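**Student:** Below is the file coords.cif, which contains mmCIF, C-alpha atoms.
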```cif
data_query
loop_
_atom_site.group_PDB
_atom_site.id
_atom_site.type_symbol
_atom_site.label_atom_id
_atom_site.label_comp_id
_atom_site.auth_asym_id
_atom_site.auth_seq_id
_atom_site.Cartn_x
_atom_site.Cartn_y
_atom_site.Cartn_z
ATOM 1 C CA MET B 5 70.885 78.080 88.429
ATOM 2 C CA ALA B 6 72.803 75.110 89.771
ATOM 3 C CA ALA B 7 73.794 74.933 93.429
ATOM 4 C CA LEU B 8 76.735 77.040 94.514
ATOM 5 C CA ALA B 9 80.062 75.685 93.248
ATOM 6 C CA ALA B 10 83.688 76.729 92.966
ATOM 7 C CA GLY B 11 84.115 79.474 90.394
ATOM 8 C CA ASP B 12 80.641 80.940 90.884
ATOM 9 C CA THR B 13 80.246 84.683 91.221
ATOM 10 C CA VAL B 14 78.502 85.860 94.389
ATOM 11 C CA ILE B 15 77.409 88.972 96.250
ATOM 12 C CA VAL B 16 76.517 89.225 99.900
ATOM 13 C CA THR B 17 72.760 89.126 100.374
ATOM 14 C CA ALA B 18 72.833 92.130 102.677
ATOM 15 C CA SER B 19 74.084 94.343 99.856
ATOM 16 C CA ALA B 20 70.742 93.966 98.094
ATOM 17 C CA ASP B 21 68.455 94.179 101.125
ATOM 18 C CA PHE B 22 68.042 97.866 101.934
ATOM 19 C CA LEU B 23 67.959 101.063 99.903
ATOM 20 C CA PRO B 24 69.855 103.126 99.089
ATOM 21 C CA HIS B 25 73.521 102.285 99.463
ATOM 22 C CA ARG B 26 76.555 104.415 98.877
ATOM 23 C CA THR B 27 78.486 101.641 97.198
ATOM 24 C CA ARG B 28 77.593 99.044 94.622
ATOM 25 C CA PRO B 29 77.309 95.388 95.553
ATOM 26 C CA MET B 30 80.809 93.898 95.382
ATOM 27 C CA ALA B 31 81.449 90.686 93.512
ATOM 28 C CA GLY B 32 83.325 87.670 94.827
ATOM 29 C CA ILE B 33 84.355 84.308 93.403
ATOM 30 C CA VAL B 34 83.813 81.054 95.285
ATOM 31 C CA GLU B 35 87.268 79.582 95.746
ATOM 32 C CA SER B 36 86.118 76.383 97.446
ATOM 33 C CA LEU B 37 83.174 74.852 99.333
ATOM 34 C CA GLY B 38 82.852 73.449 102.830
ATOM 35 C CA PRO B 39 83.529 75.939 104.313
ATOM 36 C CA ASP B 40 82.699 78.339 101.491
ATOM 37 C CA ILE B 41 85.686 80.574 100.873
ATOM 38 C CA VAL B 42 85.021 83.667 98.785
ATOM 39 C CA ALA B 43 87.715 85.771 97.113
ATOM 40 C CA TRP B 44 86.357 89.331 96.957
ATOM 41 C CA ALA B 45 87.119 91.975 94.351
ATOM 42 C CA ASN B 46 88.989 94.108 96.903
ATOM 43 C CA GLY B 47 91.471 91.371 97.801
ATOM 44 C CA LEU B 48 89.736 90.178 100.954
ATOM 45 C CA ARG B 49 88.961 86.500 101.512
ATOM 46 C CA THR B 50 86.115 85.336 103.751
ATOM 47 C CA SER B 51 85.190 81.878 104.993
ATOM 48 C CA TYR B 52 81.457 81.242 105.387
ATOM 49 C CA THR B 53 80.593 78.173 107.450
ATOM 50 C CA VAL B 54 76.884 78.541 106.682
ATOM 51 C CA VAL B 55 75.428 80.244 103.590
ATOM 52 C CA GLY B 56 71.757 79.278 104.068
ATOM 53 C CA SER B 57 69.035 79.046 101.449
ATOM 54 C CA GLY B 58 65.850 80.900 100.618
ATOM 55 C CA GLY B 59 65.102 83.488 103.286
ATOM 56 C CA THR B 60 68.195 82.585 105.307
ATOM 57 C CA SER B 61 70.618 83.144 102.431
ATOM 58 C CA VAL B 62 73.878 84.853 103.322
ATOM 59 C CA LEU B 63 75.184 84.871 99.761
ATOM 60 C CA PHE B 64 73.439 85.236 96.421
ATOM 61 C CA GLN B 65 75.021 83.580 93.431
ATOM 62 C CA VAL B 66 75.155 85.813 90.401
ATOM 63 C CA ASN B 67 74.920 85.188 86.681
ATOM 64 C CA GLN B 68 76.556 88.267 85.215
ATOM 65 C CA THR B 69 74.915 87.664 81.827
ATOM 66 C CA PRO B 70 71.309 88.469 82.679
ATOM 67 C CA THR B 71 68.292 86.853 81.102
ATOM 68 C CA HIS B 72 67.199 90.110 79.500
ATOM 69 C CA PRO B 73 69.564 92.331 77.454
ATOM 70 C CA SER B 74 71.863 94.196 79.774
ATOM 71 C CA LEU B 75 70.726 97.671 80.772
ATOM 72 C CA VAL B 76 74.157 98.770 81.991
ATOM 73 C CA GLY B 77 74.632 102.345 80.861
ATOM 74 C CA ALA B 78 70.939 102.987 80.237
ATOM 75 C CA THR B 79 69.155 105.887 81.916
ATOM 76 C CA VAL B 80 66.065 104.592 83.707
ATOM 77 C CA GLN B 81 63.379 105.634 86.112
ATOM 78 C CA ILE B 82 62.173 103.445 88.919
ATOM 79 C CA THR B 83 58.535 102.611 88.384
ATOM 80 C CA GLY B 84 57.947 99.952 90.982
ATOM 81 C CA ALA B 85 57.808 102.482 93.786
ATOM 82 C CA PRO B 86 55.865 105.690 94.409
ATOM 83 C CA ASN B 87 57.871 108.029 92.247
ATOM 84 C CA PRO B 88 55.609 110.830 91.000
ATOM 85 C CA GLY B 89 56.736 112.214 87.717
ATOM 86 C CA GLY B 90 59.680 109.898 87.562
ATOM 87 C CA ARG B 91 61.787 112.525 89.274
ATOM 88 C CA VAL B 92 64.327 110.083 90.586
ATOM 89 C CA GLN B 93 66.146 108.730 87.600
ATOM 90 C CA GLY B 94 69.554 107.241 87.265
ATOM 91 C CA VAL B 95 71.941 105.123 85.263
ATOM 92 C CA VAL B 96 72.063 101.350 85.503
ATOM 93 C CA VAL B 97 75.562 100.440 86.665
ATOM 94 C CA GLN B 98 75.025 96.717 87.308
ATOM 95 C CA HIS B 99 72.570 94.156 85.934
ATOM 96 C CA PHE B 100 72.604 90.450 86.818
ATOM 97 C CA ASP B 101 70.567 87.357 87.639
ATOM 98 C CA VAL B 102 70.592 86.149 91.230
ATOM 99 C CA ALA B 103 69.660 82.906 92.979
ATOM 100 C CA ASP B 104 70.057 81.567 96.484
ATOM 101 C CA PRO B 105 72.979 79.206 97.293
ATOM 102 C CA ALA B 106 70.865 76.183 96.397
ATOM 103 C CA GLY B 107 70.164 77.684 92.980
ATOM 104 C CA ASN B 108 66.518 78.428 93.763
ATOM 105 C CA ASN B 109 64.413 81.584 93.982
ATOM 106 C CA PRO B 110 65.845 83.197 90.848
ATOM 107 C CA GLY B 111 65.489 86.883 90.170
ATOM 108 C CA GLU B 112 66.974 89.628 88.042
ATOM 109 C CA LEU B 113 68.384 92.758 89.621
ATOM 110 C CA VAL B 114 69.580 96.091 88.326
ATOM 111 C CA VAL B 115 71.551 98.587 90.383
ATOM 112 C CA VAL B 116 70.617 102.173 89.536
ATOM 113 C CA LYS B 117 72.932 105.015 90.475
ATOM 114 C CA THR B 118 70.826 108.048 91.328
ATOM 115 C CA PRO B 119 71.591 111.409 92.931
ATOM 116 C CA VAL B 120 70.567 109.902 96.273
ATOM 117 C CA GLY B 121 72.508 106.656 96.110
ATOM 118 C CA TYR B 122 72.423 103.206 94.563
ATOM 119 C CA PHE B 123 69.107 101.409 94.236
ATOM 120 C CA PRO B 124 69.256 97.613 93.776
ATOM 121 C CA VAL B 125 65.789 96.859 92.390
ATOM 122 C CA PRO B 126 64.138 94.110 90.345
ATOM 123 C CA TYR B 127 64.581 94.396 86.590
ATOM 124 C CA ASN B 128 60.861 94.744 85.982
ATOM 125 C CA THR B 129 60.571 97.840 88.166
ATOM 126 C CA VAL B 130 62.598 100.133 85.927
ATOM 127 C CA THR B 131 61.708 101.810 82.664
ATOM 128 C CA VAL B 132 64.262 103.063 80.157
ATOM 129 C CA VAL B 133 64.094 106.837 79.701
ATOM 130 C CA PRO B 134 64.298 107.656 76.007
ATOM 131 C CA SER B 135 66.400 110.485 74.637
ATOM 132 C CA ALA B 136 64.819 113.909 74.448
ATOM 133 C CA MET O 17 98.972 79.793 75.145
ATOM 134 C CA SER O 18 100.998 81.307 77.930
ATOM 135 C CA SER O 19 102.298 79.542 81.028
ATOM 136 C CA PRO O 20 100.200 78.905 84.148
ATOM 137 C CA ILE O 21 100.204 81.395 87.004
ATOM 138 C CA ALA O 22 103.613 81.480 88.681
ATOM 139 C CA ALA O 23 105.724 83.709 90.894
ATOM 140 C CA GLY O 24 106.246 87.132 89.363
ATOM 141 C CA ASP O 25 103.020 87.193 87.357
ATOM 142 C CA THR O 26 100.675 90.147 87.556
ATOM 143 C CA VAL O 27 97.138 89.103 88.414
ATOM 144 C CA ILE O 28 93.680 90.548 88.869
ATOM 145 C CA LEU O 29 90.780 89.135 90.842
ATOM 146 C CA ALA O 30 88.224 87.458 88.613
ATOM 147 C CA ALA O 31 85.508 89.056 90.721
ATOM 148 C CA ALA O 32 86.735 92.486 89.696
ATOM 149 C CA VAL O 33 85.728 91.936 86.076
ATOM 150 C CA LYS O 34 82.568 89.893 86.593
ATOM 151 C CA LEU O 35 80.394 92.839 87.545
ATOM 152 C CA ALA O 36 80.888 96.500 86.885
ATOM 153 C CA THR O 37 83.218 97.505 89.665
ATOM 154 C CA GLU O 38 83.191 100.318 92.168
ATOM 155 C CA GLY O 39 86.559 101.935 91.658
ATOM 156 C CA LEU O 40 89.417 100.661 89.591
ATOM 157 C CA PRO O 41 90.292 96.966 89.786
ATOM 158 C CA ILE O 42 93.294 96.265 91.987
ATOM 159 C CA PHE O 43 96.332 94.416 90.718
ATOM 160 C CA GLY O 44 98.564 91.972 92.500
ATOM 161 C CA LYS O 45 101.920 90.311 92.097
ATOM 162 C CA VAL O 46 102.291 86.595 92.697
ATOM 163 C CA ALA O 47 104.856 86.166 95.465
ATOM 164 C CA SER O 48 104.867 82.389 95.312
ATOM 165 C CA ALA O 49 102.824 79.474 94.015
ATOM 166 C CA THR O 50 102.923 75.702 93.993
ATOM 167 C CA ALA O 51 103.211 74.566 90.391
ATOM 168 C CA GLY O 52 100.303 72.564 89.004
ATOM 169 C CA PRO O 53 98.427 71.957 87.005
ATOM 170 C CA PRO O 54 96.524 73.696 88.357
ATOM 171 C CA PRO O 55 98.674 76.012 90.466
ATOM 172 C CA THR O 56 97.761 76.011 94.158
ATOM 173 C CA ASN O 57 98.602 77.960 97.314
ATOM 174 C CA VAL O 58 99.063 81.144 95.345
ATOM 175 C CA VAL O 59 100.277 84.024 97.511
ATOM 176 C CA VAL O 60 99.395 87.445 96.088
ATOM 177 C CA ASP O 61 100.559 90.886 97.201
ATOM 178 C CA TRP O 62 97.810 93.298 96.209
ATOM 179 C CA SER O 63 98.293 96.915 95.237
ATOM 180 C CA ASN O 64 96.213 98.029 98.226
ATOM 181 C CA GLY O 65 98.715 96.467 100.611
ATOM 182 C CA LYS O 66 96.742 93.323 101.381
ATOM 183 C CA GLN O 67 98.250 89.875 101.019
ATOM 184 C CA ALA O 68 96.156 86.783 100.455
ATOM 185 C CA THR O 69 96.844 83.087 99.949
ATOM 186 C CA TYR O 70 94.550 81.285 97.514
ATOM 187 C CA ALA O 71 94.505 77.519 98.079
ATOM 188 C CA ALA O 72 92.791 77.033 94.716
ATOM 189 C CA VAL O 73 92.657 79.436 91.794
ATOM 190 C CA GLY O 74 90.805 77.309 89.220
ATOM 191 C CA THR O 75 91.899 76.336 85.733
ATOM 192 C CA ASP O 76 89.733 78.104 83.172
ATOM 193 C CA SER O 77 87.403 81.065 82.848
ATOM 194 C CA SER O 78 84.513 79.076 84.361
ATOM 195 C CA ASP O 79 86.177 78.608 87.737
ATOM 196 C CA ALA O 80 88.983 81.170 87.732
ATOM 197 C CA VAL O 81 89.585 83.025 90.972
ATOM 198 C CA LEU O 82 92.524 84.932 89.528
ATOM 199 C CA PHE O 83 93.321 86.026 85.993
ATOM 200 C CA LYS O 84 96.791 86.677 84.658
ATOM 201 C CA VAL O 85 97.166 90.154 83.241
ATOM 202 C CA THR O 86 99.236 90.682 80.138
ATOM 203 C CA ALA O 87 99.785 93.521 77.750
ATOM 204 C CA SER O 88 97.102 94.367 75.252
ATOM 205 C CA GLN O 89 97.331 92.494 71.960
ATOM 206 C CA VAL O 90 95.444 95.079 69.938
ATOM 207 C CA ALA O 91 95.791 98.791 69.432
ATOM 208 C CA SER O 92 95.563 100.655 72.696
ATOM 209 C CA PHE O 93 92.370 102.541 73.365
ATOM 210 C CA LEU O 94 93.784 104.320 76.403
ATOM 211 C CA GLY O 95 92.496 107.859 76.538
ATOM 212 C CA GLN O 96 89.889 107.168 73.869
ATOM 213 C CA LYS O 97 86.378 108.437 74.466
ATOM 214 C CA VAL O 98 83.901 105.633 73.847
ATOM 215 C CA ARG O 99 80.354 104.540 74.321
ATOM 216 C CA ILE O 100 79.135 101.076 75.263
ATOM 217 C CA VAL O 101 77.137 99.390 72.530
ATOM 218 C CA SER O 102 76.135 96.123 74.145
ATOM 219 C CA THR O 103 73.291 97.701 76.021
ATOM 220 C CA PRO O 104 70.175 99.701 75.333
ATOM 221 C CA ASP O 105 71.553 103.176 75.824
ATOM 222 C CA PRO O 106 69.221 105.601 74.086
ATOM 223 C CA GLY O 107 71.136 108.573 72.859
ATOM 224 C CA SER O 108 74.411 107.104 74.128
ATOM 225 C CA ARG O 109 74.218 109.441 77.077
ATOM 226 C CA VAL O 110 76.692 107.467 79.121
ATOM 227 C CA GLN O 111 80.053 107.829 77.549
ATOM 228 C CA GLY O 112 83.472 107.770 79.056
ATOM 229 C CA THR O 113 87.213 107.542 78.668
ATOM 230 C CA ILE O 114 89.191 104.329 78.692
ATOM 231 C CA VAL O 115 91.627 104.378 81.583
ATOM 232 C CA GLN O 116 92.822 100.760 81.550
ATOM 233 C CA GLN O 117 93.155 98.098 78.869
ATOM 234 C CA TYR O 118 94.671 94.626 79.110
ATOM 235 C CA LEU O 119 94.388 91.020 77.996
ATOM 236 C CA LEU O 120 93.307 88.477 80.580
ATOM 237 C CA LEU O 121 94.449 84.859 80.664
ATOM 238 C CA ASP O 122 92.893 82.185 82.842
ATOM 239 C CA PRO O 123 95.023 80.491 85.546
ATOM 240 C CA SER O 124 96.275 77.809 83.138
ATOM 241 C CA GLY O 125 97.516 80.450 80.721
ATOM 242 C CA ASP O 126 94.737 80.205 78.126
ATOM 243 C CA PRO O 127 92.959 83.315 76.854
ATOM 244 C CA GLY O 128 89.754 81.831 78.208
ATOM 245 C CA LEU O 129 87.790 85.042 78.145
ATOM 246 C CA GLY O 130 88.640 85.440 74.482
ATOM 247 C CA GLY O 131 88.756 89.161 74.633
ATOM 248 C CA GLU O 132 90.462 92.272 75.789
ATOM 249 C CA ILE O 133 89.184 94.110 78.818
ATOM 250 C CA VAL O 134 88.813 97.853 79.090
ATOM 251 C CA VAL O 135 87.902 99.964 82.098
ATOM 252 C CA ILE O 136 85.914 103.078 81.230
ATOM 253 C CA GLU O 137 85.631 106.051 83.552
ATOM 254 C CA THR O 138 82.156 107.484 83.114
ATOM 255 C CA PRO O 139 80.187 110.109 85.015
ATOM 256 C CA VAL O 140 78.601 107.256 86.976
ATOM 257 C CA GLY O 141 81.803 105.443 87.846
ATOM 258 C CA PHE O 142 84.086 102.836 86.360
ATOM 259 C CA ILE O 143 82.555 100.275 84.027
ATOM 260 C CA THR O 144 84.546 97.181 83.093
ATOM 261 C CA THR O 145 83.684 95.537 79.801
ATOM 262 C CA ASP O 146 85.034 93.729 76.756
ATOM 263 C CA THR O 147 86.592 95.734 73.946
ATOM 264 C CA ALA O 148 84.045 94.147 71.618
ATOM 265 C CA PHE O 149 81.345 96.201 73.333
ATOM 266 C CA ILE O 150 82.754 99.668 72.809
ATOM 267 C CA VAL O 151 82.691 102.114 69.933
ATOM 268 C CA PRO O 152 85.107 105.062 69.808
ATOM 269 C CA ILE O 153 83.487 108.471 69.507
ATOM 270 C CA THR O 154 84.943 110.504 66.714
ATOM 271 C CA ASN O 155 85.538 114.197 67.004
#
```
Re-express the file's structure as C-alpha cells.

**Tutor:**
Amino acid sequence: MAALAAGDTVIVTASADFLPHRTRPMAGIVESLGPDIVAWANGLRTSYTVVGSGGTSVLFQVNQTPTHPSLVGATVQITGAPNPGGRVQGVVVQHFDVADPAGNNPGELVVVKTPVGYFPVPYNTVTVVPSA
Amino acid sequence: MSSPIAAGDTVILAAAVKLATEGLPIFGKVASATAGPPPTNVVVDWSNGKQATYAAVGTDSSDAVLFKVTASQVASFLGQKVRIVSTPDPGSRVQGTIVQQYLLLDPSGDPGLGGEIVVIETPVGFITTDTAFIVPITN
C-alpha cells in the first residue's frame, strides 16, 4: 500500500494485538495528516502526533477489499493454533488487508467471532468449514 | 448529482461502512458547515449525543470522511431475510434480516459509492454491505 494519506481507512494496532477481544476492531478514516486526525466510526475524533512504522506502529491502514475473496459470513476453524478437532469455530465478521503507516509490512487479517470472543488472525490460519 | 454537504443534511461516518461494524452505524445531523467546494469545518451532532467538528471531509468516495445519507432509490428491502452472496459461505448458514437501507452520496453530492447500502442483523452481529451482494430468501 501507499503511505498513509487523507481518506485512508485505519484501525488501531492494539485492536489486533491480543486475543480474544469482546469487540471487533473499529474503523476510522484519516481526516488529515500532521498531526494525523482520525474520524472513528463511533463519532470520536483522535489526533495522533506519532503513528510509527513497523514494530512501533500505532495505526494500521486497512484495505477493505482484501487480496483474497472475502470470507465475511463464512464459517471457519482456526488452524494456525493448537485447536484439536477444530472445536473452536466461528464466523468471519471482518476481512481486510493491513499495512503499517508507511505502507510496508502488508498482511491479510480475518476477524472470527467465536463463542469465546473475537479472534483477529492471519487469513492463512483459517479453513472454511463446509456444510454438513 | 445532489448538492454538497450543508447544514441540515443527515450524514454517516465513512468509517462505519468501510468494515463490518459492531452495532448499528450512528447518524448525525450537520449543524453548520463552511461552503466549498469542498465543504470544510463541518459540525455534526451525532445520534449518540457526541458533537464533532471536521476540518476536512473530503470530496469523493476515495477520501470521504462523511457520507450524505438519502432515501433509498430502489425497492426497500427492510425486513427482508437475505443471505450475502459476495463471499464463500457454504450452505449460506449466515443469513439475516435487513434493518437499514439507504443511498450514500460522497461529500460533493455524487453517488460515489455507486450503490445502495444495507445493514443486515445476523446471529453474529450487524454486517454492512452493498445491495448488490445480497439475495432475498424466499419462503

**Student:** What lies within 9 Å of Thr79 in chain B using all atoms listed in the file, ignoring chain neighbours under 3 positions off, as a ChimeraX atom specification?

**Tutor:** /B:75-76,93-96,116,131-134 /O:105-106,109-110

**Student:** Residues within 12 Å of Gly141 in chain O, please, as a list in words. Count all atoms listed in the file; anything in the same chain fewer than 4 positions from it doesn't count.

**Tutor:**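 Selected residues are Thr27, Arg28, Val76, Gly77, Val95, Val96, Val97, Gln98, Val116, Lys117, Thr118 and Tyr122 of chain B; Ala36, Thr37, Glu38, Gly39, Leu40, Val110, Gln111, Gly112, Thr113, Ile114, Val115, Val135, Ile136 and Glu137 of chain O.
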
**Student:** Considering only C-alpha atoms, return as a list in words whatever protein or nucleic-acid residues lie within 7 Å of range 101-111 of chain B, sequence-local ones (same chain, fewer than 3 positions apart) excluded.

**Tutor:** Met5, Ala6, Ala7, Leu8, Val55, Gly56, Ser57, Gly58, Ser61, Leu63, Phe64, Gln65, Val66, Asn67, Gln68, Pro70 and Thr71 of chain B

**Student:** For the selection you just gave me, I'd like the residues written to a file as an mmCIF file, in the frame of the given file, keeping C-alpha atoms.

**Tutor:**
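Output below, filename selection.cif:
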```
data_model
loop_
_atom_site.group_PDB
_atom_site.id
_atom_site.type_symbol
_atom_site.label_atom_id
_atom_site.label_comp_id
_atom_site.auth_asym_id
_atom_site.auth_seq_id
_atom_site.Cartn_x
_atom_site.Cartn_y
_atom_site.Cartn_z
ATOM 1 C CA MET B 5 70.885 78.080 88.429
ATOM 2 C CA ALA B 6 72.803 75.110 89.771
ATOM 3 C CA ALA B 7 73.794 74.933 93.429
ATOM 4 C CA LEU B 8 76.735 77.040 94.514
ATOM 5 C CA VAL B 55 75.428 80.244 103.590
ATOM 6 C CA GLY B 56 71.757 79.278 104.068
ATOM 7 C CA SER B 57 69.035 79.046 101.449
ATOM 8 C CA GLY B 58 65.850 80.900 100.618
ATOM 9 C CA SER B 61 70.618 83.144 102.431
ATOM 10 C CA LEU B 63 75.184 84.871 99.761
ATOM 11 C CA PHE B 64 73.439 85.236 96.421
ATOM 12 C CA GLN B 65 75.021 83.580 93.431
ATOM 13 C CA VAL B 66 75.155 85.813 90.401
ATOM 14 C CA ASN B 67 74.920 85.188 86.681
ATOM 15 C CA GLN B 68 76.556 88.267 85.215
ATOM 16 C CA PRO B 70 71.309 88.469 82.679
ATOM 17 C CA THR B 71 68.292 86.853 81.102
#
```

**Student:** Can you pull out every residue within 10 Å of range 41-47 of chain B, counting only C-alpha atoms, but drop anything in the same chain fewer than 3 positions away, and send it as a ChimeraX atom specification?

**Tutor:** /B:10-15,30-38,50-53,63 /O:28-35,37-44,60-71,73,81-82

**Student:** Those residues with C-alpha atoms, as a short mmCIF file (atom, residue, chain, number, x, y, z; two decimals), in the frame of the given file please?

**Tutor:**
```cif
data_model
loop_
_atom_site.label_atom_id
_atom_site.label_comp_id
_atom_site.auth_asym_id
_atom_site.auth_seq_id
_atom_site.Cartn_x
_atom_site.Cartn_y
_atom_site.Cartn_z
CA ALA B 10 83.69 76.73 92.97
CA GLY B 11 84.12 79.47 90.39
CA ASP B 12 80.64 80.94 90.88
CA THR B 13 80.25 84.68 91.22
CA VAL B 14 78.50 85.86 94.39
CA ILE B 15 77.41 88.97 96.25
CA MET B 30 80.81 93.90 95.38
CA ALA B 31 81.45 90.69 93.51
CA GLY B 32 83.32 87.67 94.83
CA ILE B 33 84.36 84.31 93.40
CA VAL B 34 83.81 81.05 95.28
CA GLU B 35 87.27 79.58 95.75
CA SER B 36 86.12 76.38 97.45
CA LEU B 37 83.17 74.85 99.33
CA GLY B 38 82.85 73.45 102.83
CA THR B 50 86.12 85.34 103.75
CA SER B 51 85.19 81.88 104.99
CA TYR B 52 81.46 81.24 105.39
CA THR B 53 80.59 78.17 107.45
CA LEU B 63 75.18 84.87 99.76
CA ILE O 28 93.68 90.55 88.87
CA LEU O 29 90.78 89.14 90.84
CA ALA O 30 88.22 87.46 88.61
CA ALA O 31 85.51 89.06 90.72
CA ALA O 32 86.74 92.49 89.70
CA VAL O 33 85.73 91.94 86.08
CA LYS O 34 82.57 89.89 86.59
CA LEU O 35 80.39 92.84 87.54
CA THR O 37 83.22 97.50 89.66
CA GLU O 38 83.19 100.32 92.17
CA GLY O 39 86.56 101.94 91.66
CA LEU O 40 89.42 100.66 89.59
CA PRO O 41 90.29 96.97 89.79
CA ILE O 42 93.29 96.26 91.99
CA PHE O 43 96.33 94.42 90.72
CA GLY O 44 98.56 91.97 92.50
CA VAL O 60 99.40 87.44 96.09
CA ASP O 61 100.56 90.89 97.20
CA TRP O 62 97.81 93.30 96.21
CA SER O 63 98.29 96.92 95.24
CA ASN O 64 96.21 98.03 98.23
CA GLY O 65 98.72 96.47 100.61
CA LYS O 66 96.74 93.32 101.38
CA GLN O 67 98.25 89.88 101.02
CA ALA O 68 96.16 86.78 100.46
CA THR O 69 96.84 83.09 99.95
CA TYR O 70 94.55 81.28 97.51
CA ALA O 71 94.50 77.52 98.08
CA VAL O 73 92.66 79.44 91.79
CA VAL O 81 89.58 83.02 90.97
CA LEU O 82 92.52 84.93 89.53
#
```

**Student:** Rounded to one decimal place, report the CA of Ala80 in chain O-CA of Phe149 in chain O distance in Å.

**Tutor:**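 Interatomic distance here is 22.2 Å.
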